[in-house]
$ cat target.cif   # mmCIF, C-alpha atoms
data_coords
loop_
_atom_site.group_PDB
_atom_site.id
_atom_site.type_symbol
_atom_site.label_atom_id
_atom_site.label_comp_id
_atom_site.auth_asym_id
_atom_site.auth_seq_id
_atom_site.Cartn_x
_atom_site.Cartn_y
_atom_site.Cartn_z
ATOM 1 C CA MET A 1 74.373 -192.375 -64.667
ATOM 2 C CA THR A 2 77.454 -191.751 -62.523
ATOM 3 C CA MET A 3 80.088 -189.381 -63.889
ATOM 4 C CA SER A 4 83.732 -190.323 -63.715
ATOM 5 C CA PRO A 5 86.088 -187.992 -61.809
ATOM 6 C CA SER A 6 87.523 -186.751 -65.112
ATOM 7 C CA GLN A 7 84.040 -185.920 -66.480
ATOM 8 C CA ASP A 8 83.139 -184.136 -63.236
ATOM 9 C CA GLN A 9 86.350 -182.140 -63.375
ATOM 10 C CA THR A 10 85.712 -181.176 -67.002
ATOM 11 C CA GLU A 11 82.197 -179.919 -66.238
ATOM 12 C CA ASN A 12 83.426 -177.980 -63.192
ATOM 13 C CA THR A 13 86.111 -176.361 -65.322
ATOM 14 C CA ASP A 14 83.591 -175.484 -68.032
ATOM 15 C CA MET A 15 81.258 -173.839 -65.511
ATOM 16 C CA LEU A 16 84.092 -171.927 -63.854
ATOM 17 C CA THR A 17 85.206 -170.685 -67.256
ATOM 18 C CA GLU A 18 81.699 -169.578 -68.248
ATOM 19 C CA ILE A 19 81.092 -167.839 -64.934
ATOM 20 C CA ALA A 20 84.471 -166.103 -65.019
ATOM 21 C CA ILE A 21 83.885 -164.807 -68.556
ATOM 22 C CA LEU A 22 80.434 -163.497 -67.607
ATOM 23 C CA TYR A 23 81.841 -161.735 -64.540
ATOM 24 C CA TYR A 24 85.203 -160.402 -65.707
ATOM 25 C CA GLN A 25 84.657 -159.924 -69.426
ATOM 26 C CA GLU A 26 80.952 -159.208 -69.861
ATOM 27 C CA GLY A 27 80.443 -157.291 -66.619
ATOM 28 C CA ALA A 28 77.640 -159.451 -65.221
ATOM 29 C CA THR A 29 77.066 -159.091 -61.483
ATOM 30 C CA GLN A 30 77.318 -162.003 -59.063
ATOM 31 C CA GLU A 31 73.570 -161.654 -58.479
ATOM 32 C CA GLU A 32 72.859 -162.027 -62.225
ATOM 33 C CA ILE A 33 75.146 -165.057 -62.456
ATOM 34 C CA SER A 34 73.570 -166.706 -59.408
ATOM 35 C CA LYS A 35 70.103 -166.404 -61.005
ATOM 36 C CA LYS A 36 71.344 -167.703 -64.364
ATOM 37 C CA PHE A 37 72.894 -170.860 -62.882
ATOM 38 C CA GLY A 38 70.548 -171.333 -59.933
ATOM 39 C CA LEU A 39 73.413 -170.894 -57.459
ATOM 40 C CA SER A 40 73.654 -168.848 -54.303
ATOM 41 C CA ARG A 41 75.587 -165.595 -54.544
ATOM 42 C CA ALA A 42 78.041 -166.954 -51.961
ATOM 43 C CA LYS A 43 78.641 -170.019 -54.145
ATOM 44 C CA VAL A 44 79.333 -167.820 -57.178
ATOM 45 C CA GLY A 45 81.846 -165.833 -55.140
ATOM 46 C CA ARG A 46 83.606 -169.035 -54.059
ATOM 47 C CA MET A 47 83.753 -170.301 -57.626
ATOM 48 C CA LEU A 48 85.259 -167.053 -58.898
ATOM 49 C CA ARG A 49 87.828 -167.199 -56.134
ATOM 50 C CA LYS A 50 88.624 -170.834 -56.974
ATOM 51 C CA ALA A 51 89.117 -169.920 -60.625
ATOM 52 C CA ARG A 52 91.656 -167.273 -59.630
ATOM 53 C CA GLU A 53 93.460 -169.281 -56.967
ATOM 54 C CA GLU A 54 93.835 -172.528 -58.920
ATOM 55 C CA GLY A 55 94.505 -170.958 -62.295
ATOM 56 C CA ILE A 56 91.730 -173.023 -63.860
ATOM 57 C CA VAL A 57 90.607 -170.016 -65.886
ATOM 58 C CA GLU A 58 92.980 -167.511 -67.437
ATOM 59 C CA ILE A 59 91.204 -164.708 -69.284
ATOM 60 C CA THR A 60 92.927 -162.058 -71.348
ATOM 61 C CA VAL A 61 90.498 -159.404 -72.529
ATOM 62 C CA LYS A 62 91.297 -156.775 -75.131
ATOM 63 C CA PHE A 63 88.616 -154.238 -74.321
ATOM 64 C CA HIS A 64 86.799 -152.484 -77.117
ATOM 65 C CA PRO A 65 86.007 -148.761 -76.665
ATOM 66 C CA VAL A 66 82.282 -149.608 -76.585
ATOM 67 C CA TYR A 67 82.970 -151.658 -73.464
ATOM 68 C CA SER A 68 84.589 -148.626 -71.844
ATOM 69 C CA VAL A 69 81.441 -146.620 -72.502
ATOM 70 C CA GLN A 70 79.402 -149.285 -70.696
ATOM 71 C CA LEU A 71 81.795 -149.158 -67.747
ATOM 72 C CA GLU A 72 81.549 -145.369 -67.664
ATOM 73 C CA GLN A 73 77.780 -145.549 -67.384
ATOM 74 C CA LYS A 74 77.977 -148.105 -64.571
ATOM 75 C CA LEU A 75 80.382 -145.891 -62.617
ATOM 76 C CA VAL A 76 78.188 -142.839 -63.127
ATOM 77 C CA GLU A 77 75.163 -144.681 -61.775
ATOM 78 C CA LYS A 78 76.963 -146.429 -58.917
ATOM 79 C CA PHE A 79 78.824 -143.377 -57.580
ATOM 80 C CA ASN A 80 76.489 -140.559 -58.615
ATOM 81 C CA LEU A 81 78.990 -138.937 -60.992
ATOM 82 C CA LYS A 82 78.390 -136.460 -63.803
ATOM 83 C CA ARG A 83 80.886 -138.286 -66.031
ATOM 84 C CA ALA A 84 83.389 -141.114 -65.944
ATOM 85 C CA LEU A 85 86.309 -141.121 -68.370
ATOM 86 C CA ILE A 86 87.713 -144.626 -68.805
ATOM 87 C CA SER A 87 90.983 -145.319 -70.615
ATOM 88 C CA LEU A 88 91.703 -148.713 -72.132
ATOM 89 C CA ASP A 89 94.410 -150.583 -70.210
ATOM 90 C CA GLN A 90 97.960 -149.883 -71.363
ATOM 91 C CA PRO A 91 101.166 -151.963 -71.024
ATOM 92 C CA ASN A 92 102.987 -149.564 -68.683
ATOM 93 C CA THR A 93 102.332 -146.830 -66.127
ATOM 94 C CA ASN A 94 103.540 -143.912 -68.242
ATOM 95 C CA GLU A 95 101.411 -144.876 -71.220
ATOM 96 C CA GLN A 96 98.402 -145.417 -68.948
ATOM 97 C CA ARG A 97 98.869 -141.940 -67.469
ATOM 98 C CA LYS A 98 99.056 -140.421 -70.961
ATOM 99 C CA GLN A 99 95.854 -142.135 -72.047
ATOM 100 C CA VAL A 100 93.933 -140.953 -68.983
ATOM 101 C CA ALA A 101 95.344 -137.447 -69.469
ATOM 102 C CA ALA A 102 94.197 -137.458 -73.099
ATOM 103 C CA LEU A 103 90.618 -138.123 -71.995
ATOM 104 C CA VAL A 104 90.735 -135.336 -69.401
ATOM 105 C CA SER A 105 92.264 -132.932 -71.917
ATOM 106 C CA SER A 106 89.467 -133.682 -74.387
ATOM 107 C CA TYR A 107 86.814 -133.280 -71.678
ATOM 108 C CA LEU A 108 88.246 -129.927 -70.612
ATOM 109 C CA ASN A 109 88.535 -128.738 -74.198
ATOM 110 C CA ASN A 110 84.868 -129.567 -74.809
ATOM 111 C CA ASN A 111 83.544 -127.967 -71.616
ATOM 112 C CA LEU A 112 85.817 -125.085 -70.610
ATOM 113 C CA GLN A 113 84.359 -121.801 -71.834
ATOM 114 C CA GLU A 114 85.712 -118.323 -72.325
ATOM 115 C CA GLY A 115 86.366 -116.517 -69.040
ATOM 116 C CA MET A 116 86.082 -119.625 -66.841
ATOM 117 C CA ALA A 117 88.618 -120.572 -64.160
ATOM 118 C CA VAL A 118 90.230 -123.908 -63.324
ATOM 119 C CA ALA A 119 91.650 -124.674 -59.876
ATOM 120 C CA VAL A 120 94.713 -126.851 -60.428
ATOM 121 C CA GLY A 121 96.238 -129.386 -58.041
ATOM 122 C CA GLN A 122 99.621 -131.089 -58.119
ATOM 123 C CA GLY A 123 100.942 -134.474 -59.177
ATOM 124 C CA GLN A 124 101.957 -136.575 -62.147
ATOM 125 C CA ASN A 125 98.444 -137.257 -63.418
ATOM 126 C CA VAL A 126 97.484 -133.571 -63.437
ATOM 127 C CA ALA A 127 100.819 -132.639 -65.028
ATOM 128 C CA ALA A 128 100.166 -135.149 -67.819
ATOM 129 C CA VAL A 129 97.033 -133.194 -68.825
ATOM 130 C CA ALA A 130 99.102 -130.062 -69.335
ATOM 131 C CA ASP A 131 101.698 -132.041 -71.300
ATOM 132 C CA HIS A 132 99.179 -133.787 -73.571
ATOM 133 C CA ALA A 133 100.039 -132.897 -77.159
ATOM 134 C CA GLY A 134 96.479 -132.811 -78.485
ATOM 135 C CA ILE A 135 95.155 -129.715 -80.243
ATOM 136 C CA VAL A 136 92.805 -127.561 -78.157
ATOM 137 C CA THR A 137 90.773 -124.449 -78.888
ATOM 138 C CA GLN A 138 92.363 -121.236 -77.647
ATOM 139 C CA ARG A 139 90.291 -119.341 -75.071
ATOM 140 C CA ASN A 140 90.765 -116.773 -72.344
ATOM 141 C CA ALA A 141 90.570 -119.121 -69.365
ATOM 142 C CA ARG A 142 92.374 -118.775 -66.007
ATOM 143 C CA PHE A 143 94.331 -121.554 -64.346
ATOM 144 C CA VAL A 144 94.743 -120.979 -60.609
ATOM 145 C CA SER A 145 97.132 -122.873 -58.334
ATOM 146 C CA ALA A 146 95.078 -124.615 -55.636
ATOM 147 C CA ILE A 147 98.109 -125.660 -53.588
ATOM 148 C CA GLY A 148 101.554 -124.175 -52.929
ATOM 149 C CA GLY A 149 104.829 -125.266 -54.472
ATOM 150 C CA THR A 150 107.788 -127.518 -53.763
ATOM 151 C CA HIS A 151 111.543 -127.293 -54.066
ATOM 152 C CA ARG A 152 113.078 -127.681 -57.503
ATOM 153 C CA SER A 153 113.114 -131.483 -57.687
ATOM 154 C CA GLY A 154 109.329 -131.340 -57.668
ATOM 155 C CA ASP A 155 108.985 -128.581 -60.279
ATOM 156 C CA ILE A 156 107.331 -130.679 -62.939
ATOM 157 C CA ILE A 157 104.454 -131.691 -60.652
ATOM 158 C CA ASN A 158 103.993 -128.287 -58.973
ATOM 159 C CA ALA A 159 100.538 -126.779 -59.407
ATOM 160 C CA ASP A 160 102.218 -123.510 -60.422
ATOM 161 C CA HIS A 161 104.185 -125.116 -63.252
ATOM 162 C CA ILE A 162 101.147 -127.099 -64.392
ATOM 163 C CA CYS A 163 99.081 -123.891 -64.457
ATOM 164 C CA ARG A 164 101.691 -122.171 -66.602
ATOM 165 C CA ARG A 165 101.738 -125.031 -69.091
ATOM 166 C CA LEU A 166 97.931 -125.159 -69.252
ATOM 167 C CA ALA A 167 97.743 -121.401 -69.779
ATOM 168 C CA LYS A 168 100.241 -121.645 -72.628
ATOM 169 C CA LYS A 169 98.301 -124.544 -74.130
ATOM 170 C CA TYR A 170 94.948 -122.730 -74.039
ATOM 171 C CA GLY A 171 96.221 -119.189 -74.544
ATOM 172 C CA GLY A 172 94.888 -118.151 -71.131
ATOM 173 C CA SER A 173 96.502 -116.907 -67.918
ATOM 174 C CA SER A 174 97.876 -118.555 -64.783
ATOM 175 C CA GLU A 175 97.849 -117.588 -61.118
ATOM 176 C CA THR A 176 100.587 -118.732 -58.724
ATOM 177 C CA LEU A 177 100.002 -119.509 -55.052
ATOM 178 C CA TYR A 178 103.085 -117.914 -53.483
ATOM 179 C CA ALA A 179 103.573 -120.351 -50.622
ATOM 180 C CA PRO A 180 105.071 -123.776 -49.914
ATOM 181 C CA ALA A 181 102.738 -126.724 -50.383
ATOM 182 C CA TYR A 182 103.441 -128.194 -46.948
ATOM 183 C CA VAL A 183 104.785 -126.978 -43.596
ATOM 184 C CA ASN A 184 105.651 -128.886 -40.421
ATOM 185 C CA ASP A 185 103.904 -126.545 -37.982
ATOM 186 C CA PRO A 186 100.117 -125.923 -38.203
ATOM 187 C CA SER A 187 100.626 -122.466 -36.675
ATOM 188 C CA LEU A 188 102.936 -121.608 -39.576
ATOM 189 C CA ARG A 189 100.238 -122.731 -41.980
ATOM 190 C CA SER A 190 97.750 -120.432 -40.244
ATOM 191 C CA ALA A 191 100.118 -117.504 -40.703
ATOM 192 C CA PHE A 192 100.521 -118.233 -44.421
ATOM 193 C CA MET A 193 96.772 -118.620 -44.873
ATOM 194 C CA GLU A 194 96.199 -115.137 -43.438
ATOM 195 C CA HIS A 195 98.573 -113.479 -45.886
ATOM 196 C CA ALA A 196 96.626 -111.181 -48.238
ATOM 197 C CA THR A 197 98.217 -112.469 -51.455
ATOM 198 C CA ILE A 198 97.650 -116.109 -50.540
ATOM 199 C CA LYS A 199 94.072 -115.432 -49.427
ATOM 200 C CA GLU A 200 93.310 -113.734 -52.742
ATOM 201 C CA THR A 201 94.699 -116.593 -54.833
ATOM 202 C CA LEU A 202 92.804 -119.223 -52.844
ATOM 203 C CA SER A 203 89.661 -117.117 -53.106
ATOM 204 C CA GLN A 204 90.012 -117.254 -56.897
ATOM 205 C CA ALA A 205 90.551 -121.014 -56.755
ATOM 206 C CA ARG A 206 87.387 -121.502 -54.670
ATOM 207 C CA LYS A 207 85.336 -119.625 -57.272
ATOM 208 C CA ALA A 208 86.565 -121.775 -60.179
ATOM 209 C CA GLU A 209 84.139 -123.614 -62.432
ATOM 210 C CA PHE A 210 86.487 -126.604 -62.727
ATOM 211 C CA ALA A 211 89.131 -128.295 -60.580
ATOM 212 C CA LEU A 212 91.802 -130.723 -61.814
ATOM 213 C CA VAL A 213 93.116 -132.936 -59.021
ATOM 214 C CA GLY A 214 94.929 -136.224 -58.618
ATOM 215 C CA ILE A 215 94.061 -139.013 -56.204
ATOM 216 C CA GLY A 216 96.971 -140.174 -54.066
ATOM 217 C CA ASP A 217 97.435 -143.363 -52.084
ATOM 218 C CA MET A 218 99.331 -144.026 -48.870
ATOM 219 C CA ASP A 219 102.330 -145.695 -50.460
ATOM 220 C CA GLU A 220 105.455 -144.792 -48.473
ATOM 221 C CA ASN A 221 107.274 -144.410 -51.822
ATOM 222 C CA SER A 222 104.855 -141.717 -52.990
ATOM 223 C CA HIS A 223 106.062 -138.376 -54.312
ATOM 224 C CA MET A 224 104.929 -136.592 -51.153
ATOM 225 C CA VAL A 225 107.303 -138.785 -49.177
ATOM 226 C CA LYS A 226 110.121 -138.525 -51.722
ATOM 227 C CA LEU A 227 109.861 -134.726 -51.688
ATOM 228 C CA GLY A 228 110.053 -134.688 -47.896
ATOM 229 C CA PHE A 229 106.565 -133.410 -47.093
ATOM 230 C CA PHE A 230 105.855 -136.431 -44.916
ATOM 231 C CA THR A 231 108.041 -139.248 -43.609
ATOM 232 C CA PRO A 232 107.520 -142.897 -44.587
ATOM 233 C CA LYS A 233 106.707 -143.554 -40.923
ATOM 234 C CA GLU A 234 103.946 -140.923 -40.941
ATOM 235 C CA PHE A 235 102.398 -142.518 -44.027
ATOM 236 C CA VAL A 236 102.536 -146.016 -42.548
ATOM 237 C CA GLU A 237 101.083 -144.874 -39.208
ATOM 238 C CA ALA A 238 98.337 -142.868 -40.916
ATOM 239 C CA ARG A 239 97.402 -145.941 -42.925
ATOM 240 C CA LEU A 240 97.544 -148.457 -40.085
ATOM 241 C CA ASN A 241 96.441 -146.381 -37.088
ATOM 242 C CA ASP A 242 94.078 -143.851 -38.654
ATOM 243 C CA GLY A 243 92.711 -145.927 -41.525
ATOM 244 C CA ILE A 244 93.659 -143.328 -44.134
ATOM 245 C CA VAL A 245 93.651 -144.697 -47.702
ATOM 246 C CA GLY A 246 94.497 -141.612 -49.754
ATOM 247 C CA ASP A 247 94.297 -137.914 -50.517
ATOM 248 C CA ILE A 248 92.695 -135.684 -53.111
ATOM 249 C CA GLY A 249 95.070 -133.245 -54.788
ATOM 250 C CA GLY A 250 97.362 -133.361 -51.773
ATOM 251 C CA PHE A 251 94.828 -131.196 -49.924
ATOM 252 C CA ASP A 252 93.041 -133.576 -47.566
ATOM 253 C CA PHE A 253 93.352 -137.187 -46.443
ATOM 254 C CA PHE A 254 90.402 -139.575 -46.118
ATOM 255 C CA LYS A 255 89.386 -143.057 -44.942
ATOM 256 C CA LEU A 256 87.835 -145.776 -47.089
ATOM 257 C CA ASP A 257 84.331 -144.614 -46.137
ATOM 258 C CA GLY A 258 85.159 -141.110 -47.377
ATOM 259 C CA THR A 259 85.379 -139.455 -43.960
ATOM 260 C CA ASP A 260 88.449 -137.530 -42.857
ATOM 261 C CA ALA A 261 90.662 -138.537 -39.948
ATOM 262 C CA ASP A 262 92.055 -136.641 -37.017
ATOM 263 C CA THR A 263 95.726 -137.162 -37.830
ATOM 264 C CA LEU A 264 98.973 -135.248 -37.390
ATOM 265 C CA MET A 265 99.122 -135.012 -41.196
ATOM 266 C CA ARG A 266 96.209 -132.573 -41.227
ATOM 267 C CA GLY A 267 96.730 -128.848 -40.879
ATOM 268 C CA ARG A 268 99.995 -128.838 -42.819
ATOM 269 C CA VAL A 269 98.824 -128.155 -46.361
ATOM 270 C CA ILE A 270 98.735 -124.626 -47.739
ATOM 271 C CA GLY A 271 95.987 -124.804 -50.296
ATOM 272 C CA LEU A 272 92.359 -125.720 -50.711
ATOM 273 C CA GLU A 273 90.533 -128.075 -48.363
ATOM 274 C CA MET A 274 87.951 -130.757 -49.029
ATOM 275 C CA GLU A 275 85.105 -128.369 -48.202
ATOM 276 C CA ASP A 276 86.423 -125.920 -50.791
ATOM 277 C CA LEU A 277 86.267 -128.603 -53.470
ATOM 278 C CA ARG A 278 82.606 -129.211 -52.603
ATOM 279 C CA GLN A 279 81.828 -125.679 -53.752
ATOM 280 C CA ILE A 280 83.456 -126.148 -57.181
ATOM 281 C CA PRO A 281 80.831 -127.407 -59.691
ATOM 282 C CA ASN A 282 83.082 -129.702 -61.730
ATOM 283 C CA VAL A 283 85.823 -131.480 -59.790
ATOM 284 C CA VAL A 284 87.758 -133.739 -62.176
ATOM 285 C CA ALA A 285 89.791 -136.353 -60.288
ATOM 286 C CA MET A 286 92.428 -138.538 -61.967
ATOM 287 C CA ALA A 287 94.118 -141.795 -61.002
ATOM 288 C CA SER A 288 95.774 -143.915 -63.669
ATOM 289 C CA GLU A 289 97.660 -146.351 -61.421
ATOM 290 C CA SER A 290 96.033 -149.763 -60.916
ATOM 291 C CA ARG A 291 97.208 -149.941 -57.275
ATOM 292 C CA LYS A 292 94.933 -147.022 -56.338
ATOM 293 C CA ALA A 293 91.544 -148.774 -56.401
ATOM 294 C CA LEU A 294 90.959 -148.439 -52.644
ATOM 295 C CA SER A 295 92.125 -144.817 -52.699
ATOM 296 C CA ILE A 296 89.741 -144.032 -55.552
ATOM 297 C CA MET A 297 86.893 -145.716 -53.674
ATOM 298 C CA GLY A 298 87.527 -143.557 -50.605
ATOM 299 C CA ALA A 299 87.830 -140.453 -52.760
ATOM 300 C CA LEU A 300 84.498 -141.153 -54.460
ATOM 301 C CA ARG A 301 82.830 -141.567 -51.086
ATOM 302 C CA THR A 302 83.901 -138.094 -49.979
ATOM 303 C CA GLY A 303 81.229 -136.794 -52.337
ATOM 304 C CA VAL A 304 83.438 -134.076 -53.816
ATOM 305 C CA ILE A 305 84.221 -135.744 -57.163
ATOM 306 C CA ASP A 306 82.053 -134.957 -60.182
ATOM 307 C CA VAL A 307 84.147 -136.515 -62.955
ATOM 308 C CA LEU A 308 86.435 -139.523 -62.488
ATOM 309 C CA ALA A 309 89.187 -140.359 -64.993
ATOM 310 C CA THR A 310 90.856 -143.754 -64.631
ATOM 311 C CA SER A 311 91.587 -147.060 -66.387
ATOM 312 C CA VAL A 312 89.435 -150.064 -67.249
ATOM 313 C CA SER A 313 91.205 -152.134 -64.574
ATOM 314 C CA CYS A 314 90.504 -149.563 -61.866
ATOM 315 C CA ALA A 315 86.912 -149.143 -63.030
ATOM 316 C CA MET A 316 86.309 -152.910 -62.836
ATOM 317 C CA ALA A 317 87.957 -153.077 -59.413
ATOM 318 C CA LEU A 318 85.740 -150.250 -58.137
ATOM 319 C CA LEU A 319 82.552 -151.911 -59.334
ATOM 320 C CA ASN A 320 83.590 -155.275 -57.875
ATOM 321 C CA LEU A 321 84.487 -153.672 -54.533
ATOM 322 C CA ALA A 322 81.146 -151.899 -54.422
ATOM 323 C CA GLU A 323 79.261 -155.092 -55.264
ATOM 324 C CA ASN A 324 81.092 -157.145 -52.641
ATOM 325 C CA GLU A 325 80.220 -154.600 -49.969
ATOM 326 C CA GLU A 326 76.495 -154.651 -50.720
#

$ encode --input "target.cif" --output "structure tokens"
Amino acid sequence: MTMSPSQDQTENTDMLTEIAILYYQEGATQEEISKKFGLSRAKVGRMLRKAREEGIVEITVKFHPVYSVQLEQKLVEKFNLKRALISLDQPNTNEQRKQVAALVSSYLNNNLQEGMAVAVGQGQNVAAVADHAGIVTQRNARFVSAIGGTHRSGDIINADHICRRLAKKYGGSSETLYAPAYVNDPSLRSAFMEHATIKETLSQARKAEFALVGIGDMDENSHMVKLGFFTPKEFVEARLNDGIVGDIGGFDFFKLDGTDADTLMRGRVIGLEMEDLRQIPNVVAMASESRKALSIMGALRTGVIDVLATSVSCAMALLNLAENEE
């Protein structure tokens, strides 16, 4: 029996819909779908792309918390993490950041013990943890600045100010790194790093049991550019010429494969370095923005992250990127 063009189109649409739901909503891999339908993996990939490009399938998924738990487990297994904290997708950036921060705050409250230290980075996502209004247990913990400070327009995202707010929240103490976060001359950085007070603070940060850091991307409108640490041109050139996709905590920049790059942007940060983070047992990295999927991927491949906190959208993007590269 020969199918009419309309029947053929209907069946194609039905299959595209079923495959798209399996992949995007139920988390099936392309390999699992190819076996189910007797198609090649390449064919499945083309069909998913066709569904997106032609608008044949439009799927809106309201994720249940149980689904987030499944995503967390997949991320843990795929990227060798201790934990993954996945927030349900929110309608705007600020609300998304608050939801991710709430998960990190709960994780810290459940794991931070009396007398422990937390090395604290800078940025909006880390600041949101300090500002989270949830109730926490008071304990004598220390919050140590892992990077220097900025001028007053950047106060709210300074590691020092975040440390003070965390200390007030937990009833602990804070330690300021008395230095600028960034300098233009590497020799000036070397001089700061040899100062006894700065060396002592960074020594405390290196010995911390936990680290709270954000993951940054190479957007020329980023806060590091707006605050004048780097120029938009430097960010663009680092991205295009050096292959840099992001930074961890503002400390170190990395490529998509997780390796660092020999760039003029290195040697200008007064704070911890990537190797220092490797020595901290529980590095909690946060990225709530959906545009940061590639940056998160590079950050995970550095091997320094133990706990990742992000959104469902970012988690799905990470798993899809990893699958497509296999």

$ closest_residue --input "target.cif" --among "A:Leu294, A:Leu202, A:Ala299, A:Leu48" --to "Glu18 of chain A" --atoms "all atoms listed in the file"
A:Leu48

$ atom_distance --input "target.cif" --atom1 "atom CA of His195 of chain A" --atom2 "atom CA of Ala117 of chain A"
22.0 Å

$ resolve_selection --input "target.cif" --expression "the PyMOL selection byres ((chain A and resi 115) around 6)" --output "JSON, numbers by chain"
{"A": [114, 116, 140, 141]}

$ closest_residue --input "target.cif" --among "A:Gly271, A:Arg49, A:Ile135, A:Asn282" --to "Glu194 of chain A" --atoms "only C-alpha atoms"
A:Gly271

$ resolve_selection --input "target.cif" --expression "the PyMOL selection byres ((chain A and resi 259) around 12)" --output "PDB file with C-alpha atoms, in the coordinates of the input"
ATOM      1  CA  ASP A 242      94.078-143.851 -38.654  1.00  0.00           C
ATOM      2  CA  GLY A 243      92.711-145.927 -41.525  1.00  0.00           C
ATOM      3  CA  ILE A 244      93.659-143.328 -44.134  1.00  0.00           C
ATOM      4  CA  VAL A 245      93.651-144.697 -47.702  1.00  0.00           C
ATOM      5  CA  GLY A 246      94.497-141.612 -49.754  1.00  0.00           C
ATOM      6  CA  ASP A 247      94.297-137.914 -50.517  1.00  0.00           C
ATOM      7  CA  ASP A 252      93.041-133.576 -47.566  1.00  0.00           C
ATOM      8  CA  PHE A 253      93.352-137.187 -46.443  1.00  0.00           C
ATOM      9  CA  PHE A 254      90.402-139.575 -46.118  1.00  0.00           C
ATOM     10  CA  LYS A 255      89.386-143.057 -44.942  1.00  0.00           C
ATOM     11  CA  LEU A 256      87.835-145.776 -47.089  1.00  0.00           C
ATOM     12  CA  ASP A 257      84.331-144.614 -46.137  1.00  0.00           C
ATOM     13  CA  GLY A 258      85.159-141.110 -47.377  1.00  0.00           C
ATOM     14  CA  ASP A 260      88.449-137.530 -42.857  1.00  0.00           C
ATOM     15  CA  ALA A 261      90.662-138.537 -39.948  1.00  0.00           C
ATOM     16  CA  ASP A 262      92.055-136.641 -37.017  1.00  0.00           C
ATOM     17  CA  MET A 274      87.951-130.757 -49.029  1.00  0.00           C
ATOM     18  CA  GLU A 275      85.105-128.369 -48.202  1.00  0.00           C
ATOM     19  CA  MET A 297      86.893-145.716 -53.674  1.00  0.00           C
ATOM     20  CA  GLY A 298      87.527-143.557 -50.605  1.00  0.00           C
ATOM     21  CA  ALA A 299      87.830-140.453 -52.760  1.00  0.00           C
ATOM     22  CA  LEU A 300      84.498-141.153 -54.460  1.00  0.00           C
ATOM     23  CA  ARG A 301      82.830-141.567 -51.086  1.00  0.00           C
ATOM     24  CA  THR A 302      83.901-138.094 -49.979  1.00  0.00           C
ATOM     25  CA  GLY A 303      81.229-136.794 -52.337  1.00  0.00           C
ATOM     26  CA  VAL A 304      83.438-134.076 -53.816  1.00  0.00           C
TER      27      VAL A 304
END

$ resolve_selection --input "target.cif" --expression "the PyMOL selection byres ((chain A and resi 36-41) around 12)" --output "list of chain:residue names"
A:Met15, A:Leu16, A:Glu18, A:Ile19, A:Leu22, A:Ala28, A:Thr29, A:Gln30, A:Glu31, A:Glu32, A:Ile33, A:Ser34, A:Lys35, A:Ala42, A:Lys43, A:Val44, A:Gly45, A:Arg46, A:Met47, A:Leu48, A:Glu323, A:Asn324, A:Glu326

$ atom_distance --input "target.cif" --atom1 "atom CA of Ala191 of chain A" --atom2 "atom CA of Val126 of chain A"
28.0 Å

$ closest_residue --input "target.cif" --among "A:Ala84, A:Ala196, A:Ile305, A:Ala133" --to "Ser105 of chain A" --atoms "all atoms listed in the file"
A:Ala133

$ closest_atom_pairs --input "target.cif" --of "segment 90-121 of chain A" --to "segment 205-221 of chain A" --cutoff "9 Å" --atoms "only C-alpha atoms" --output "Markdown table"
| residue | atom | partner | partner_atom | distance |
| --- | --- | --- | --- | --- |
| A:Val104 | CA | A:Leu212 | CA | 8.9 |
| A:Leu108 | CA | A:Phe210 | CA | 8.7 |
| A:Leu112 | CA | A:Phe210 | CA | 8.1 |
| A:Met116 | CA | A:Glu209 | CA | 6.3 |
| A:Ala117 | CA | A:Ala208 | CA | 4.6 |
| A:Val118 | CA | A:Phe210 | CA | 4.7 |
| A:Ala119 | CA | A:Ala211 | CA | 4.5 |
| A:Val120 | CA | A:Leu212 | CA | 5.0 |
| A:Gly121 | CA | A:Val213 | CA | 4.8 |

$ closest_residue --input "target.cif" --among "A:Val136, A:Asn125, A:Ser288, A:Val307" --to "Gly249 of chain A" --atoms "only C-alpha atoms"
A:Asn125

$ closest_residue --input "target.cif" --among "A:Ala181, A:Thr137, A:Ala130, A:Val144" --to "Asn111 of chain A" --atoms "all atoms listed in the file"
A:Thr137

$ closest_residue --input "target.cif" --among "A:Ala287, A:Ala167, A:Asn80, A:Ile162" --to "Gln96 of chain A" --atoms "all atoms listed in the file"
A:Ala287

$ residues_around --input "target.cif" --residues "Ala309 of chain A" --least-positions-apart "5" --cutoff "6 Å" --atoms "all atoms listed in the file" --output "ChimeraX atom specification"
/A:84-86,286

$ atom_distance --input "target.cif" --atom1 "atom CA of Glu72 of chain A" --atom2 "atom CA of Glu289 of chain A"
17.3 Å

$ decode --input "target.cif" --residues "segment 188-192 of chain A" --atoms "N, CA and C atoms" --output "compact mmCIF listing (two decimals), in the first residue's frame"
# COMPACT_ATOMS: atom_id res chain seq x y z
N LEU A 188 53.73 43.74 39.82
CA LEU A 188 53.02 44.33 40.95
C LEU A 188 52.28 43.24 41.72
N ARG A 189 51.70 42.30 40.98
CA ARG A 189 51.05 41.17 41.63
C ARG A 189 52.05 40.40 42.49
N SER A 190 53.23 40.15 41.95
CA SER A 190 54.25 39.41 42.69
C SER A 190 54.59 40.10 44.00
N ALA A 191 54.67 41.43 43.95
CA ALA A 191 54.98 42.20 45.16
C ALA A 191 53.88 42.05 46.20
N PHE A 192 52.62 42.14 45.76
CA PHE A 192 51.49 41.96 46.68
C PHE A 192 51.52 40.55 47.28
